[in-house]
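Colleague: Please see the structure below; I have some questions.
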Amino acid sequence: MSPSKPSIVFAHGLWADGSCYSKLIPVLQNEGHEVVSAQNPLDSLAGDVEAVHHALGRVSGPTLLVGHSWGGYVITAAGTDERVAGLVYIAALAPDAGETPQDLIGKFDAPPLFSHLDTEEGRIWISREGISDFVGDLPEAEQRVVWATQGAPRAEVLGSTVDDPAWRSKPSWFLITTQDRAVNPDLQRFAAQRMGATSTEVASSHVPMLSRPEVVLDLIRTAAASL
């Protein structure tokens, strides 16, 4: 890999795993980046941050952290690590100090997906009828795969807080998904403006890395080139 290019570490959201970035990783590797997609256990914010820190140890610095959805919380907490040079948020939750996911989500109208969540044995799942609110701009066959491979976070993660938001000390970029039915686009705009992120919008569902990968790649390239 080219030492002149930053490494990239991905953090995924609540109903996903590291393979949700599979359309981005080979392109970025071919362009000379070291890339690792953390496998976040989704049991606690601390556990997910630990997974990202382990991933940082597998690549050369400086590193760009990329977080989707809940992954925005993870990189906001993990990104204060000295190996991190910048943050990219994709349709993400991006907290200020002491702010829980529930606090953030409650600032705006609840997204349609939240009517299609099942809680079983302390974990939250997307119901079959809810998958179109999550990945509605993917072909039906791909939607079924996303449903079948979904992660199932512990409900307690929605009460997590961050003490020292990394975006206060690191440059940040934000991709806002205007057709999002899982994280309110107005919430995304609020978060991006509050952190002073360089932001762009795309007409996409909640998973642009799957439905509009070139747009996500372009934002990552822009961020990487500026580090």
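Labeling convention for the structure tokens: chains A, B, ... as they appear, residues from 1 per chain, ligands from 1 in order of appearance.
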Would you tabulate, counting only C-alpha atoms, all residues of stretch 142-222 of chain A that have an atom at most 12 Å from an atom of stretch 55-67 of chain A, showing the closest pair of atoms and their distance in Å to one decimal, sorted by chain then ascending number, as a tab-separated table?

Modeller:
residue	atom	partner	partner_atom	distance
A:Ala166	CA	A:Leu65	CA	10.6
A:Trp167	CA	A:Leu65	CA	11.1
A:Lys170	CA	A:Leu64	CA	10.1
A:Pro171	CA	A:Leu64	CA	9.9
A:Ser172	CA	A:Leu65	CA	9.5
A:Trp173	CA	A:Val66	CA	9.3
A:Phe174	CA	A:Val66	CA	9.7
A:Leu175	CA	A:Gly67	CA	10.5
A:Val207	CA	A:Gly67	CA	11.7
A:Met209	CA	A:Gly67	CA	11.0
A:Val216	CA	A:Val66	CA	10.2
A:Leu217	CA	A:Val66	CA	10.9
A:Leu219	CA	A:Val66	CA	10.4
A:Ile220	CA	A:Val66	CA	8.1
A:Arg221	CA	A:Leu64	CA	10.3
A:Thr222	CA	A:Leu64	CA	11.2

Colleague: Save the residues we just selected, N, CA and C atoms, as a PDB file, in the first residue's frame?

Modeller:
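For reference, part-v6.pdb as written:
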ATOM      1  N   ALA A 166     -15.086  13.343  19.322  1.00  0.00           N
ATOM      2  CA  ALA A 166     -13.893  13.507  18.495  1.00  0.00           C
ATOM      3  C   ALA A 166     -14.055  14.603  17.454  1.00  0.00           C
ATOM      4  N   TRP A 167     -15.287  14.864  17.024  1.00  0.00           N
ATOM      5  CA  TRP A 167     -15.455  15.887  15.984  1.00  0.00           C
ATOM      6  C   TRP A 167     -15.113  17.289  16.477  1.00  0.00           C
ATOM      7  N   LYS A 170     -11.199  16.920  15.538  1.00  0.00           N
ATOM      8  CA  LYS A 170     -10.756  16.327  14.275  1.00  0.00           C
ATOM      9  C   LYS A 170     -11.640  16.829  13.130  1.00  0.00           C
ATOM     10  N   PRO A 171     -11.078  17.011  11.920  1.00  0.00           N
ATOM     11  CA  PRO A 171     -11.904  17.410  10.780  1.00  0.00           C
ATOM     12  C   PRO A 171     -12.918  16.328  10.446  1.00  0.00           C
ATOM     13  N   SER A 172     -14.087  16.753   9.972  1.00  0.00           N
ATOM     14  CA  SER A 172     -15.155  15.785   9.733  1.00  0.00           C
ATOM     15  C   SER A 172     -15.882  16.086   8.424  1.00  0.00           C
ATOM     16  N   TRP A 173     -16.427  15.006   7.867  1.00  0.00           N
ATOM     17  CA  TRP A 173     -17.223  15.052   6.638  1.00  0.00           C
ATOM     18  C   TRP A 173     -18.508  14.266   6.894  1.00  0.00           C
ATOM     19  N   PHE A 174     -19.577  14.624   6.183  1.00  0.00           N
ATOM     20  CA  PHE A 174     -20.876  14.007   6.475  1.00  0.00           C
ATOM     21  C   PHE A 174     -21.650  13.815   5.171  1.00  0.00           C
ATOM     22  N   LEU A 175     -22.109  12.586   4.950  1.00  0.00           N
ATOM     23  CA  LEU A 175     -22.997  12.296   3.824  1.00  0.00           C
ATOM     24  C   LEU A 175     -24.423  12.168   4.347  1.00  0.00           C
ATOM     25  N   VAL A 207     -28.659   3.197   3.393  1.00  0.00           N
ATOM     26  CA  VAL A 207     -27.441   2.421   3.136  1.00  0.00           C
ATOM     27  C   VAL A 207     -26.779   2.815   1.804  1.00  0.00           C
ATOM     28  N   MET A 209     -23.781   3.133   1.019  1.00  0.00           N
ATOM     29  CA  MET A 209     -22.579   2.349   0.687  1.00  0.00           C
ATOM     30  C   MET A 209     -22.954   1.113  -0.115  1.00  0.00           C
ATOM     31  N   VAL A 216     -20.394   7.574  -1.908  1.00  0.00           N
ATOM     32  CA  VAL A 216     -19.661   7.401  -0.654  1.00  0.00           C
ATOM     33  C   VAL A 216     -18.158   7.398  -0.913  1.00  0.00           C
ATOM     34  N   LEU A 217     -17.744   6.702  -1.952  1.00  0.00           N
ATOM     35  CA  LEU A 217     -16.322   6.671  -2.291  1.00  0.00           C
ATOM     36  C   LEU A 217     -15.788   8.072  -2.589  1.00  0.00           C
ATOM     37  N   LEU A 219     -16.794  10.910  -1.380  1.00  0.00           N
ATOM     38  CA  LEU A 219     -16.631  11.660  -0.142  1.00  0.00           C
ATOM     39  C   LEU A 219     -15.398  11.176   0.634  1.00  0.00           C
ATOM     40  N   ILE A 220     -15.194   9.871   0.672  1.00  0.00           N
ATOM     41  CA  ILE A 220     -14.020   9.325   1.354  1.00  0.00           C
ATOM     42  C   ILE A 220     -12.742   9.795   0.654  1.00  0.00           C
ATOM     43  N   ARG A 221     -12.763   9.805  -0.660  1.00  0.00           N
ATOM     44  CA  ARG A 221     -11.591  10.286  -1.412  1.00  0.00           C
ATOM     45  C   ARG A 221     -11.304  11.756  -1.085  1.00  0.00           C
ATOM     46  N   THR A 222     -12.348  12.566  -1.030  1.00  0.00           N
ATOM     47  CA  THR A 222     -12.189  13.984  -0.712  1.00  0.00           C
ATOM     48  C   THR A 222     -11.571  14.160   0.673  1.00  0.00           C
TER      49      THR A 222
END

Colleague: Check stretch 5-217 of chain A with DSSP on the backbone and list each residue it calls strand (DSSP E), as a PyMOL selection string.

Modeller: chain A and resi 7-11+35-37+63-68+84-90+117-120+123-126+172-177+198-202

Colleague: Using only C-alpha atoms, which residues sit within 8 Å of stretch 149-165 of chain A once same-chain residues fewer than 2 positions away are excluded, as a compact mmCIF listing (two decimals) with N, CA, C and O atoms, in the first residue's frame?

Modeller:
# COMPACT_ATOMS: atom_id res chain seq x y z
N LEU A 14 -26.10 -0.56 13.60
CA LEU A 14 -26.71 -1.49 14.54
C LEU A 14 -27.19 -2.79 13.90
O LEU A 14 -27.20 -3.83 14.55
N TRP A 15 -27.64 -2.76 12.67
CA TRP A 15 -28.21 -3.96 12.06
C TRP A 15 -27.36 -4.43 10.89
O TRP A 15 -27.85 -4.79 9.82
N ALA A 16 -26.05 -4.40 11.11
CA ALA A 16 -25.11 -4.71 10.03
C ALA A 16 -23.89 -5.41 10.62
O ALA A 16 -23.81 -5.68 11.81
N ASP A 17 -22.92 -5.68 9.75
CA ASP A 17 -21.59 -6.11 10.17
C ASP A 17 -20.58 -5.47 9.23
O ASP A 17 -20.95 -4.66 8.38
N PRO A 41 -19.28 -5.69 18.06
CA PRO A 41 -20.15 -6.69 18.68
C PRO A 41 -21.55 -6.22 18.99
O PRO A 41 -22.45 -7.04 19.20
N LEU A 42 -21.78 -4.89 19.04
CA LEU A 42 -23.11 -4.32 19.25
C LEU A 42 -23.70 -4.64 20.62
O LEU A 42 -24.92 -4.60 20.80
N ASP A 43 -22.84 -4.92 21.58
CA ASP A 43 -23.29 -5.16 22.95
C ASP A 43 -23.21 -3.91 23.81
O ASP A 43 -23.96 -3.75 24.76
N SER A 44 -22.26 -3.03 23.48
CA SER A 44 -22.07 -1.79 24.23
C SER A 44 -21.23 -0.84 23.39
O SER A 44 -20.49 -1.27 22.49
N LEU A 45 -21.33 0.45 23.69
CA LEU A 45 -20.47 1.42 23.01
C LEU A 45 -19.01 1.12 23.32
O LEU A 45 -18.16 1.15 22.41
N TYR A 73 -21.72 7.15 16.29
CA TYR A 73 -21.45 7.21 17.73
C TYR A 73 -20.10 6.59 18.03
O TYR A 73 -19.30 7.12 18.82
N THR A 76 -17.23 8.76 16.96
CA THR A 76 -17.19 9.97 17.78
C THR A 76 -16.46 9.68 19.10
O THR A 76 -15.74 10.53 19.62
N ALA A 77 -16.65 8.47 19.63
CA ALA A 77 -15.96 8.08 20.86
C ALA A 77 -14.54 7.62 20.58
O ALA A 77 -13.60 7.97 21.32
N GLY A 79 -12.62 8.25 17.95
CA GLY A 79 -11.81 9.10 17.10
C GLY A 79 -10.86 10.03 17.81
O GLY A 79 -10.05 10.71 17.16
N THR A 80 -10.93 10.10 19.15
CA THR A 80 -9.95 10.91 19.87
C THR A 80 -8.57 10.24 19.90
O THR A 80 -7.59 10.87 20.28
N PRO A 95 -23.11 12.35 18.24
CA PRO A 95 -23.51 12.98 19.49
C PRO A 95 -22.59 14.09 19.95
O PRO A 95 -21.41 14.13 19.61
N ASP A 96 -23.14 14.95 20.77
CA ASP A 96 -22.33 15.84 21.59
C ASP A 96 -22.14 15.15 22.94
O ASP A 96 -22.72 14.10 23.21
N ALA A 97 -21.35 15.75 23.81
CA ALA A 97 -21.05 15.14 25.10
C ALA A 97 -22.33 14.91 25.90
O ALA A 97 -23.20 15.80 25.99
N GLY A 98 -22.48 13.70 26.44
CA GLY A 98 -23.61 13.38 27.29
C GLY A 98 -24.92 13.11 26.59
O GLY A 98 -25.95 12.93 27.24
N GLU A 99 -24.91 13.03 25.27
CA GLU A 99 -26.13 12.91 24.47
C GLU A 99 -26.31 11.46 24.02
O GLU A 99 -25.43 10.90 23.37
N THR A 100 -27.43 10.85 24.37
CA THR A 100 -27.69 9.46 23.99
C THR A 100 -28.29 9.38 22.60
O THR A 100 -28.82 10.38 22.08
N PRO A 101 -28.27 8.21 21.97
CA PRO A 101 -29.00 8.04 20.71
C PRO A 101 -30.48 8.41 20.86
O PRO A 101 -31.06 9.03 19.96
N GLN A 102 -31.08 8.02 21.97
CA GLN A 102 -32.48 8.36 22.18
C GLN A 102 -32.69 9.87 22.25
O GLN A 102 -33.68 10.39 21.72
N THR A 119 -38.12 -6.52 19.67
CA THR A 119 -37.18 -6.75 20.75
C THR A 119 -37.39 -8.15 21.30
O THR A 119 -38.49 -8.50 21.73
N GLY A 122 -33.74 -8.99 24.88
CA GLY A 122 -32.89 -7.83 25.08
C GLY A 122 -32.19 -7.31 23.86
O GLY A 122 -31.41 -6.35 23.95
N ARG A 123 -32.48 -7.91 22.69
CA ARG A 123 -31.86 -7.45 21.45
C ARG A 123 -32.92 -6.94 20.48
O ARG A 123 -34.07 -7.39 20.52
N ILE A 124 -32.52 -6.00 19.63
CA ILE A 124 -33.45 -5.34 18.71
C ILE A 124 -33.20 -5.84 17.29
O ILE A 124 -32.06 -5.82 16.80
N TRP A 125 -34.27 -6.27 16.65
CA TRP A 125 -34.21 -6.79 15.28
C TRP A 125 -35.13 -5.96 14.38
O TRP A 125 -36.12 -5.41 14.83
N ILE A 126 -34.80 -5.93 13.09
CA ILE A 126 -35.71 -5.36 12.09
C ILE A 126 -36.66 -6.46 11.63
O ILE A 126 -36.22 -7.55 11.26
N VAL A 145 -31.11 -10.32 1.61
CA VAL A 145 -29.81 -10.68 2.18
C VAL A 145 -29.50 -9.78 3.38
O VAL A 145 -29.02 -10.27 4.42
N VAL A 146 -29.76 -8.47 3.26
CA VAL A 146 -29.51 -7.56 4.37
C VAL A 146 -30.35 -7.97 5.59
O VAL A 146 -29.86 -7.98 6.72
N TRP A 147 -31.60 -8.34 5.35
CA TRP A 147 -32.46 -8.76 6.47
C TRP A 147 -31.90 -10.04 7.11
O TRP A 147 -31.83 -10.15 8.33
N TRP A 167 -15.29 14.86 17.02
CA TRP A 167 -15.46 15.89 15.98
C TRP A 167 -15.11 17.29 16.48
O TRP A 167 -14.94 18.21 15.67
N ARG A 168 -14.98 17.45 17.78
CA ARG A 168 -14.58 18.76 18.30
C ARG A 168 -13.09 19.03 18.07
O ARG A 168 -12.66 20.20 18.13
N SER A 169 -12.33 17.98 17.81
CA SER A 169 -10.89 18.16 17.63
C SER A 169 -10.36 17.62 16.30
O SER A 169 -9.18 17.83 15.98

Colleague: Please compute the atom CA of A:Gln179-atom CA of A:Arg128 distance, one decimal, in Å.

Modeller: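 Computing it gives 19.7 Å between the two atoms.
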
Colleague: I need the residue nearest A:Gly18 from this list: A:Asn184, A:Ser127, A:Gln39, A:Ser226. Use only C-alpha atoms for the distance.

Modeller: A:Gln39

Colleague: Looking at A:Val27, A:Ile90, A:Val35, A:Ala223, which one is nearest to A:Ser204, with distances taken over only C-alpha atoms?

Modeller: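 Distance minimum relative to A:Ser204 lands on A:Ile90.
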
Colleague: With a distance cut-off of 10 Å and only C-alpha atoms, select the neighbouring residues of A:Glu129, excluding the residue or stretch itself and same-chain residues fewer than 2 positions from it, and output the selection as a list in words.

Modeller: Leu113, Ser115, His116, Leu117, Ile126, Ser127, Ile131, Ser132, Asp133 and Trp147 of chain A
